[in-house]
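Chemist: Structure incoming, see below.
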Amino acid sequence: MYLITVFGNLLIILAISSDSHLHTPMYFFLANLSFVDICFTSTTVPKMLLNTQTQSKVINYAGCISQMYFFLLCAELDDFLLSAMAYDRFVAICHPLHYTVIMNPQLCGLLVLVSWIIIVSLFYCTGLGVYLSSAAIQSSYSSATASVMYTVVSPMLNPFIYSLRNRDIKRALKRIVGVPVT
């Protein structure tokens with residue numbers, strides 16, 4: 001599942017960056033979402049796979065803190081990028097004649113930048129204190145299953161949900177692979 005997540009999201013990024021027809025705000029946000037999904041999954045899954053292979057559940061303090069930092073950063077960034085995508089669709093539907101004026105490249109870049117800045121600020125202001133002072137230990141099987149579903153399955157499905165049902169993305173992927181486009 002991890003490899004499907006990484007390769008699926010990389011394929012979406014490649015398709016969007018290589019096809020000039022996909023250089024629109026919606027696909028800009030989608031490429032950023034795919035990148036963040038790769039990072040999000042890569043914060044926990046490699047360590048989990050290593051732990052499975054070595055039958056060890058040990059992580060040092062610095063590793064735990066850095067893993068938690070990047071996990072929270074990417075999780076929240078996902079949320080903010082989805083909000084930016086929702087705003088993009090709102091403008092496209094409710095203000096179609098003004099869409100290109102409102103959703104210009106500067107605003108799209110600003111929305112992504114603001115998403116990053118807000119996430120870092122939120123993490124340092126609240127997340128760090130909560131997670132450093134938390135003494136709750138949950139090691140149940142259902143908690144582990146829920147964690148895998150959240151950290152692996154959701155980012156793996158995002159390329160399918162947001163992209164592969166879209167004929168423009170399908171057309172760009174066919175061009176990359178060398179399949180004749182109809």
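Just remember, in the structure tokens the first chain shown is A, the second B, etc., residues are 1-based per chain, and ligands are 1-based in the order shown.
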Mind checking which residues fall within 10 Å of Tyr27 of chain A, counting only C-alpha atoms, ignoring those fewer than 3 positions away in the same chain, and posting them as a count of residues only?
Modeler: 17
Chemist: Within 12 Å of segment 102-105 of chain A, counting only C-alpha atoms, which residues qualify if same-chain residues fewer than 2 places away don't, as an mmCIF file with all heavy atoms, in the first residue's frame?
Modeler:
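Writing done, so here's selection.cif:
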```cif
data_model
loop_
_atom_site.group_PDB
_atom_site.id
_atom_site.type_symbol
_atom_site.label_atom_id
_atom_site.label_comp_id
_atom_site.auth_asym_id
_atom_site.auth_seq_id
_atom_site.Cartn_x
_atom_site.Cartn_y
_atom_site.Cartn_z
ATOM 1 N N HIS A 23 -2.210 23.183 -16.009
ATOM 2 C CA HIS A 23 -1.613 24.253 -15.222
ATOM 3 C C HIS A 23 -2.689 25.264 -14.831
ATOM 4 O O HIS A 23 -2.668 26.426 -15.249
ATOM 5 C CB HIS A 23 -0.474 24.925 -15.985
ATOM 6 C CG HIS A 23 0.690 24.018 -16.181
ATOM 7 N ND1 HIS A 23 1.802 24.392 -16.884
ATOM 8 C CD2 HIS A 23 0.935 22.754 -15.774
ATOM 9 C CE1 HIS A 23 2.667 23.397 -16.892
ATOM 10 N NE2 HIS A 23 2.148 22.390 -16.226
ATOM 11 N N THR A 24 -3.623 24.787 -14.024
ATOM 12 C CA THR A 24 -4.724 25.604 -13.517
ATOM 13 C C THR A 24 -4.702 25.543 -11.993
ATOM 14 O O THR A 24 -4.040 24.672 -11.414
ATOM 15 C CB THR A 24 -6.083 25.082 -14.033
ATOM 16 O OG1 THR A 24 -6.297 23.764 -13.519
ATOM 17 C CG2 THR A 24 -6.132 25.077 -15.560
ATOM 18 N N PRO A 25 -5.424 26.446 -11.328
ATOM 19 C CA PRO A 25 -5.415 26.443 -9.855
ATOM 20 C C PRO A 25 -5.801 25.096 -9.242
ATOM 21 O O PRO A 25 -5.144 24.629 -8.314
ATOM 22 C CB PRO A 25 -6.424 27.527 -9.489
ATOM 23 C CG PRO A 25 -6.371 28.473 -10.637
ATOM 24 C CD PRO A 25 -6.159 27.601 -11.850
ATOM 25 N N MET A 26 -6.841 24.466 -9.766
ATOM 26 C CA MET A 26 -7.292 23.202 -9.197
ATOM 27 C C MET A 26 -6.179 22.158 -9.223
ATOM 28 O O MET A 26 -5.925 21.469 -8.232
ATOM 29 C CB MET A 26 -8.510 22.675 -9.957
ATOM 30 C CG MET A 26 -8.999 21.339 -9.427
ATOM 31 S SD MET A 26 -10.440 20.698 -10.267
ATOM 32 C CE MET A 26 -9.781 20.251 -11.859
ATOM 33 N N TYR A 27 -5.487 22.045 -10.331
ATOM 34 C CA TYR A 27 -4.427 21.056 -10.458
ATOM 35 C C TYR A 27 -3.165 21.469 -9.704
ATOM 36 O O TYR A 27 -2.406 20.618 -9.248
ATOM 37 C CB TYR A 27 -4.133 20.766 -11.930
ATOM 38 C CG TYR A 27 -5.306 20.098 -12.585
ATOM 39 C CD1 TYR A 27 -6.045 20.747 -13.564
ATOM 40 C CD2 TYR A 27 -5.678 18.813 -12.221
ATOM 41 C CE1 TYR A 27 -7.132 20.133 -14.157
ATOM 42 C CE2 TYR A 27 -6.771 18.193 -12.812
ATOM 43 C CZ TYR A 27 -7.489 18.857 -13.778
ATOM 44 O OH TYR A 27 -8.563 18.244 -14.350
ATOM 45 N N PHE A 28 -2.951 22.756 -9.554
ATOM 46 C CA PHE A 28 -1.849 23.241 -8.728
ATOM 47 C C PHE A 28 -2.036 22.768 -7.282
ATOM 48 O O PHE A 28 -1.110 22.237 -6.656
ATOM 49 C CB PHE A 28 -1.777 24.773 -8.793
ATOM 50 C CG PHE A 28 -0.777 25.390 -7.868
ATOM 51 C CD1 PHE A 28 0.581 25.295 -8.122
ATOM 52 C CD2 PHE A 28 -1.194 26.059 -6.732
ATOM 53 C CE1 PHE A 28 1.511 25.873 -7.265
ATOM 54 C CE2 PHE A 28 -0.278 26.636 -5.874
ATOM 55 C CZ PHE A 28 1.073 26.547 -6.146
ATOM 56 N N PHE A 29 -3.253 22.944 -6.763
ATOM 57 C CA PHE A 29 -3.550 22.483 -5.409
ATOM 58 C C PHE A 29 -3.478 20.961 -5.329
ATOM 59 O O PHE A 29 -3.010 20.408 -4.343
ATOM 60 C CB PHE A 29 -4.928 22.958 -4.961
ATOM 61 C CG PHE A 29 -5.024 24.448 -4.786
ATOM 62 C CD1 PHE A 29 -6.039 25.162 -5.376
ATOM 63 C CD2 PHE A 29 -4.095 25.141 -4.024
ATOM 64 C CE1 PHE A 29 -6.137 26.533 -5.220
ATOM 65 C CE2 PHE A 29 -4.181 26.515 -3.861
ATOM 66 C CZ PHE A 29 -5.204 27.209 -4.463
ATOM 67 N N ALA A 84 -8.305 25.036 0.628
ATOM 68 C CA ALA A 84 -7.985 25.879 -0.526
ATOM 69 C C ALA A 84 -8.637 25.329 -1.788
ATOM 70 O O ALA A 84 -9.152 26.090 -2.625
ATOM 71 C CB ALA A 84 -6.476 25.983 -0.713
ATOM 72 N N MET A 85 -8.645 23.993 -1.923
ATOM 73 C CA MET A 85 -9.307 23.369 -3.079
ATOM 74 C C MET A 85 -10.813 23.618 -3.043
ATOM 75 O O MET A 85 -11.434 23.857 -4.083
ATOM 76 C CB MET A 85 -9.017 21.864 -3.109
ATOM 77 C CG MET A 85 -7.573 21.542 -3.428
ATOM 78 S SD MET A 85 -7.172 19.812 -3.192
ATOM 79 C CE MET A 85 -7.993 19.092 -4.614
ATOM 80 N N TYR A 87 -12.254 26.232 -1.687
ATOM 81 C CA TYR A 87 -12.436 27.632 -2.062
ATOM 82 C C TYR A 87 -12.334 27.798 -3.579
ATOM 83 O O TYR A 87 -13.124 28.518 -4.194
ATOM 84 C CB TYR A 87 -11.419 28.526 -1.353
ATOM 85 C CG TYR A 87 -11.530 29.965 -1.759
ATOM 86 C CD1 TYR A 87 -12.615 30.735 -1.353
ATOM 87 C CD2 TYR A 87 -10.573 30.559 -2.587
ATOM 88 C CE1 TYR A 87 -12.744 32.057 -1.742
ATOM 89 C CE2 TYR A 87 -10.681 31.886 -2.976
ATOM 90 C CZ TYR A 87 -11.769 32.619 -2.554
ATOM 91 O OH TYR A 87 -11.896 33.919 -2.953
ATOM 92 N N ASP A 88 -11.374 27.114 -4.190
ATOM 93 C CA ASP A 88 -11.210 27.160 -5.640
ATOM 94 C C ASP A 88 -12.480 26.691 -6.339
ATOM 95 O O ASP A 88 -12.948 27.327 -7.283
ATOM 96 C CB ASP A 88 -10.027 26.288 -6.054
ATOM 97 C CG ASP A 88 -9.893 26.176 -7.556
ATOM 98 O OD1 ASP A 88 -9.614 27.204 -8.202
ATOM 99 O OD2 ASP A 88 -10.083 25.063 -8.087
ATOM 100 N N ARG A 89 -13.046 25.595 -5.884
ATOM 101 C CA ARG A 89 -14.284 25.075 -6.497
ATOM 102 C C ARG A 89 -15.461 26.007 -6.227
ATOM 103 O O ARG A 89 -16.319 26.188 -7.087
ATOM 104 C CB ARG A 89 -14.603 23.665 -5.976
ATOM 105 C CG ARG A 89 -13.587 22.609 -6.378
ATOM 106 C CD ARG A 89 -13.481 22.400 -7.889
ATOM 107 N NE ARG A 89 -12.623 23.395 -8.524
ATOM 108 C CZ ARG A 89 -12.659 23.725 -9.797
ATOM 109 N NH1 ARG A 89 -13.486 23.152 -10.622
ATOM 110 N NH2 ARG A 89 -11.857 24.645 -10.295
ATOM 111 N N PHE A 90 -15.499 26.632 -5.050
ATOM 112 C CA PHE A 90 -16.549 27.593 -4.736
ATOM 113 C C PHE A 90 -16.516 28.763 -5.719
ATOM 114 O O PHE A 90 -17.536 29.160 -6.270
ATOM 115 C CB PHE A 90 -16.377 28.113 -3.298
ATOM 116 C CG PHE A 90 -17.202 29.331 -2.993
ATOM 117 C CD1 PHE A 90 -18.564 29.219 -2.740
ATOM 118 C CD2 PHE A 90 -16.622 30.590 -2.977
ATOM 119 C CE1 PHE A 90 -19.328 30.347 -2.468
ATOM 120 C CE2 PHE A 90 -17.372 31.720 -2.705
ATOM 121 C CZ PHE A 90 -18.729 31.597 -2.453
ATOM 122 N N VAL A 91 -15.326 29.301 -5.948
ATOM 123 C CA VAL A 91 -15.183 30.414 -6.883
ATOM 124 C C VAL A 91 -15.564 29.972 -8.293
ATOM 125 O O VAL A 91 -16.258 30.699 -9.011
ATOM 126 C CB VAL A 91 -13.751 30.990 -6.845
ATOM 127 C CG1 VAL A 91 -13.540 32.020 -7.944
ATOM 128 C CG2 VAL A 91 -13.468 31.613 -5.487
ATOM 129 N N ALA A 92 -15.133 28.781 -8.700
ATOM 130 C CA ALA A 92 -15.442 28.285 -10.046
ATOM 131 C C ALA A 92 -16.940 28.102 -10.262
ATOM 132 O O ALA A 92 -17.447 28.368 -11.353
ATOM 133 C CB ALA A 92 -14.716 26.968 -10.293
ATOM 134 N N CYS A 94 -19.579 29.463 -8.162
ATOM 135 C CA CYS A 94 -20.404 30.636 -7.825
ATOM 136 C C CYS A 94 -20.036 31.900 -8.593
ATOM 137 O O CYS A 94 -20.862 32.800 -8.720
ATOM 138 C CB CYS A 94 -20.314 30.903 -6.329
ATOM 139 S SG CYS A 94 -21.014 29.574 -5.345
ATOM 140 N N HIS A 95 -18.813 31.984 -9.080
ATOM 141 C CA HIS A 95 -18.361 33.164 -9.811
ATOM 142 C C HIS A 95 -17.598 32.746 -11.065
ATOM 143 O O HIS A 95 -16.425 33.125 -11.235
ATOM 144 C CB HIS A 95 -17.475 34.047 -8.925
ATOM 145 C CG HIS A 95 -18.111 34.434 -7.637
ATOM 146 N ND1 HIS A 95 -19.149 35.324 -7.550
ATOM 147 C CD2 HIS A 95 -17.863 34.028 -6.367
ATOM 148 C CE1 HIS A 95 -19.507 35.460 -6.285
ATOM 149 N NE2 HIS A 95 -18.745 34.670 -5.551
ATOM 150 N N PRO A 96 -18.236 32.009 -11.958
ATOM 151 C CA PRO A 96 -17.496 31.451 -13.103
ATOM 152 C C PRO A 96 -16.903 32.512 -14.038
ATOM 153 O O PRO A 96 -15.842 32.286 -14.609
ATOM 154 C CB PRO A 96 -18.533 30.589 -13.820
ATOM 155 C CG PRO A 96 -19.852 31.123 -13.378
ATOM 156 C CD PRO A 96 -19.647 31.654 -11.999
ATOM 157 N N LEU A 97 -17.567 33.638 -14.168
ATOM 158 C CA LEU A 97 -17.049 34.661 -15.073
ATOM 159 C C LEU A 97 -15.855 35.412 -14.495
ATOM 160 O O LEU A 97 -15.060 35.987 -15.225
ATOM 161 C CB LEU A 97 -18.161 35.645 -15.445
ATOM 162 C CG LEU A 97 -19.356 35.030 -16.190
ATOM 163 C CD1 LEU A 97 -20.421 36.089 -16.441
ATOM 164 C CD2 LEU A 97 -18.905 34.393 -17.489
ATOM 165 N N HIS A 98 -15.736 35.395 -13.183
ATOM 166 C CA HIS A 98 -14.620 36.080 -12.521
ATOM 167 C C HIS A 98 -13.544 35.106 -12.039
ATOM 168 O O HIS A 98 -12.585 35.519 -11.386
ATOM 169 C CB HIS A 98 -15.131 36.880 -11.318
ATOM 170 C CG HIS A 98 -16.112 37.942 -11.696
ATOM 171 N ND1 HIS A 98 -15.757 39.104 -12.344
ATOM 172 C CD2 HIS A 98 -17.452 38.015 -11.528
ATOM 173 C CE1 HIS A 98 -16.826 39.838 -12.554
ATOM 174 N NE2 HIS A 98 -17.875 39.203 -12.069
ATOM 175 N N TYR A 99 -13.709 33.840 -12.366
ATOM 176 C CA TYR A 99 -12.813 32.802 -11.841
ATOM 177 C C TYR A 99 -11.347 33.072 -12.153
ATOM 178 O O TYR A 99 -10.502 33.033 -11.259
ATOM 179 C CB TYR A 99 -13.223 31.428 -12.377
ATOM 180 C CG TYR A 99 -12.311 30.324 -11.943
ATOM 181 C CD1 TYR A 99 -12.357 29.844 -10.633
ATOM 182 C CD2 TYR A 99 -11.384 29.771 -12.819
ATOM 183 C CE1 TYR A 99 -11.520 28.836 -10.218
ATOM 184 C CE2 TYR A 99 -10.538 28.755 -12.400
ATOM 185 C CZ TYR A 99 -10.608 28.294 -11.102
ATOM 186 O OH TYR A 99 -9.754 27.303 -10.693
ATOM 187 N N THR A 100 -11.028 33.364 -13.404
ATOM 188 C CA THR A 100 -9.617 33.553 -13.774
ATOM 189 C C THR A 100 -9.020 34.804 -13.145
ATOM 190 O O THR A 100 -7.812 34.860 -12.910
ATOM 191 C CB THR A 100 -9.439 33.613 -15.308
ATOM 192 O OG1 THR A 100 -10.283 34.626 -15.831
ATOM 193 C CG2 THR A 100 -9.781 32.274 -15.928
ATOM 194 N N LEU A 107 -2.599 34.404 -6.097
ATOM 195 C CA LEU A 107 -3.479 33.972 -5.013
ATOM 196 C C LEU A 107 -3.278 32.497 -4.705
ATOM 197 O O LEU A 107 -3.242 32.101 -3.539
ATOM 198 C CB LEU A 107 -4.950 34.241 -5.355
ATOM 199 C CG LEU A 107 -5.951 33.795 -4.276
ATOM 200 C CD1 LEU A 107 -5.724 34.564 -2.987
ATOM 201 C CD2 LEU A 107 -7.374 33.959 -4.762
ATOM 202 N N CYS A 108 -3.120 31.678 -5.731
ATOM 203 C CA CYS A 108 -2.905 30.242 -5.513
ATOM 204 C C CYS A 108 -1.616 30.009 -4.739
ATOM 205 O O CYS A 108 -1.594 29.228 -3.776
ATOM 206 C CB CYS A 108 -2.869 29.502 -6.844
ATOM 207 S SG CYS A 108 -4.441 29.519 -7.701
ATOM 208 N N GLY A 109 -0.552 30.673 -5.142
ATOM 209 C CA GLY A 109 0.713 30.551 -4.425
ATOM 210 C C GLY A 109 0.596 31.054 -2.993
ATOM 211 O O GLY A 109 1.132 30.442 -2.063
ATOM 212 N N LEU A 110 -0.125 32.142 -2.819
ATOM 213 C CA LEU A 110 -0.333 32.698 -1.483
ATOM 214 C C LEU A 110 -1.121 31.730 -0.609
ATOM 215 O O LEU A 110 -0.794 31.545 0.570
ATOM 216 C CB LEU A 110 -1.049 34.041 -1.581
ATOM 217 C CG LEU A 110 -1.317 34.754 -0.256
ATOM 218 C CD1 LEU A 110 0.005 35.124 0.415
ATOM 219 C CD2 LEU A 110 -2.167 35.992 -0.484
ATOM 220 N N LEU A 111 -2.158 31.092 -1.165
ATOM 221 C CA LEU A 111 -2.950 30.133 -0.392
ATOM 222 C C LEU A 111 -2.098 28.947 0.069
ATOM 223 O O LEU A 111 -2.223 28.492 1.208
ATOM 224 C CB LEU A 111 -4.150 29.643 -1.210
ATOM 225 C CG LEU A 111 -5.294 30.634 -1.376
ATOM 226 C CD1 LEU A 111 -6.332 30.095 -2.354
ATOM 227 C CD2 LEU A 111 -5.933 30.947 -0.038
ATOM 228 N N VAL A 112 -1.235 28.464 -0.799
ATOM 229 C CA VAL A 112 -0.350 27.353 -0.413
ATOM 230 C C VAL A 112 0.647 27.825 0.644
ATOM 231 O O VAL A 112 0.879 27.143 1.647
ATOM 232 C CB VAL A 112 0.364 26.764 -1.641
ATOM 233 C CG1 VAL A 112 1.457 25.789 -1.227
ATOM 234 C CG2 VAL A 112 -0.633 26.078 -2.552
#
```
Chemist: List the neighbours of segment 69-83 of chain A out to 6 Å using only C-alpha atoms; skip same-chain residues closer than 5 positions along the sequence, and give me the result as a JSON list (two decimals) with N, CA and C atoms, in the first residue's frame.
Modeler:
```
[["chain", "number", "residue", "atom", "x", "y", "z"],
["A", 36, "VAL", "N", 2.17, 16.45, -0.42],
["A", 36, "VAL", "CA", 1.99, 16.37, 1.03],
["A", 36, "VAL", "C", 1.56, 14.96, 1.44],
["A", 40, "PHE", "N", 3.36, 12.83, 4.14],
["A", 40, "PHE", "CA", 2.55, 12.37, 5.27],
["A", 40, "PHE", "C", 2.73, 10.87, 5.50],
["A", 43, "THR", "N", 6.25, 9.75, 6.79],
["A", 43, "THR", "CA", 6.68, 10.07, 8.15],
["A", 43, "THR", "C", 6.55, 8.89, 9.09],
["A", 115, "SER", "N", -1.03, 28.24, 3.90],
["A", 115, "SER", "CA", -1.29, 26.93, 4.48],
["A", 115, "SER", "C", -0.06, 26.44, 5.24]]
```
Chemist: Figure out the distance between atom CA of Val58 of chain A and atom CA of Ile4 of chain A, please, to one decimal in Å.
Modeler: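 We find that atom CA of Ile4 of chain A and atom CA of Val58 of chain A lie 26.6 Å from each other.
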Chemist: Apply DSSP to the structure's backbone, then extract all residues of segment 50-119 of chain A labelled alpha helix (DSSP H) and return them as number ranges by chain.
Modeler: A: 50-54, 61-94, 99-102, 105-119
Chemist: Find the residue from A:Asn166, A:Asn51, A:Leu14, A:Val6 that sits nearest to Cys39 of chain A; use only C-alpha atoms when measuring.
Modeler: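 Closest to Cys39 of chain A, using only C-alpha atoms: A:Val6.
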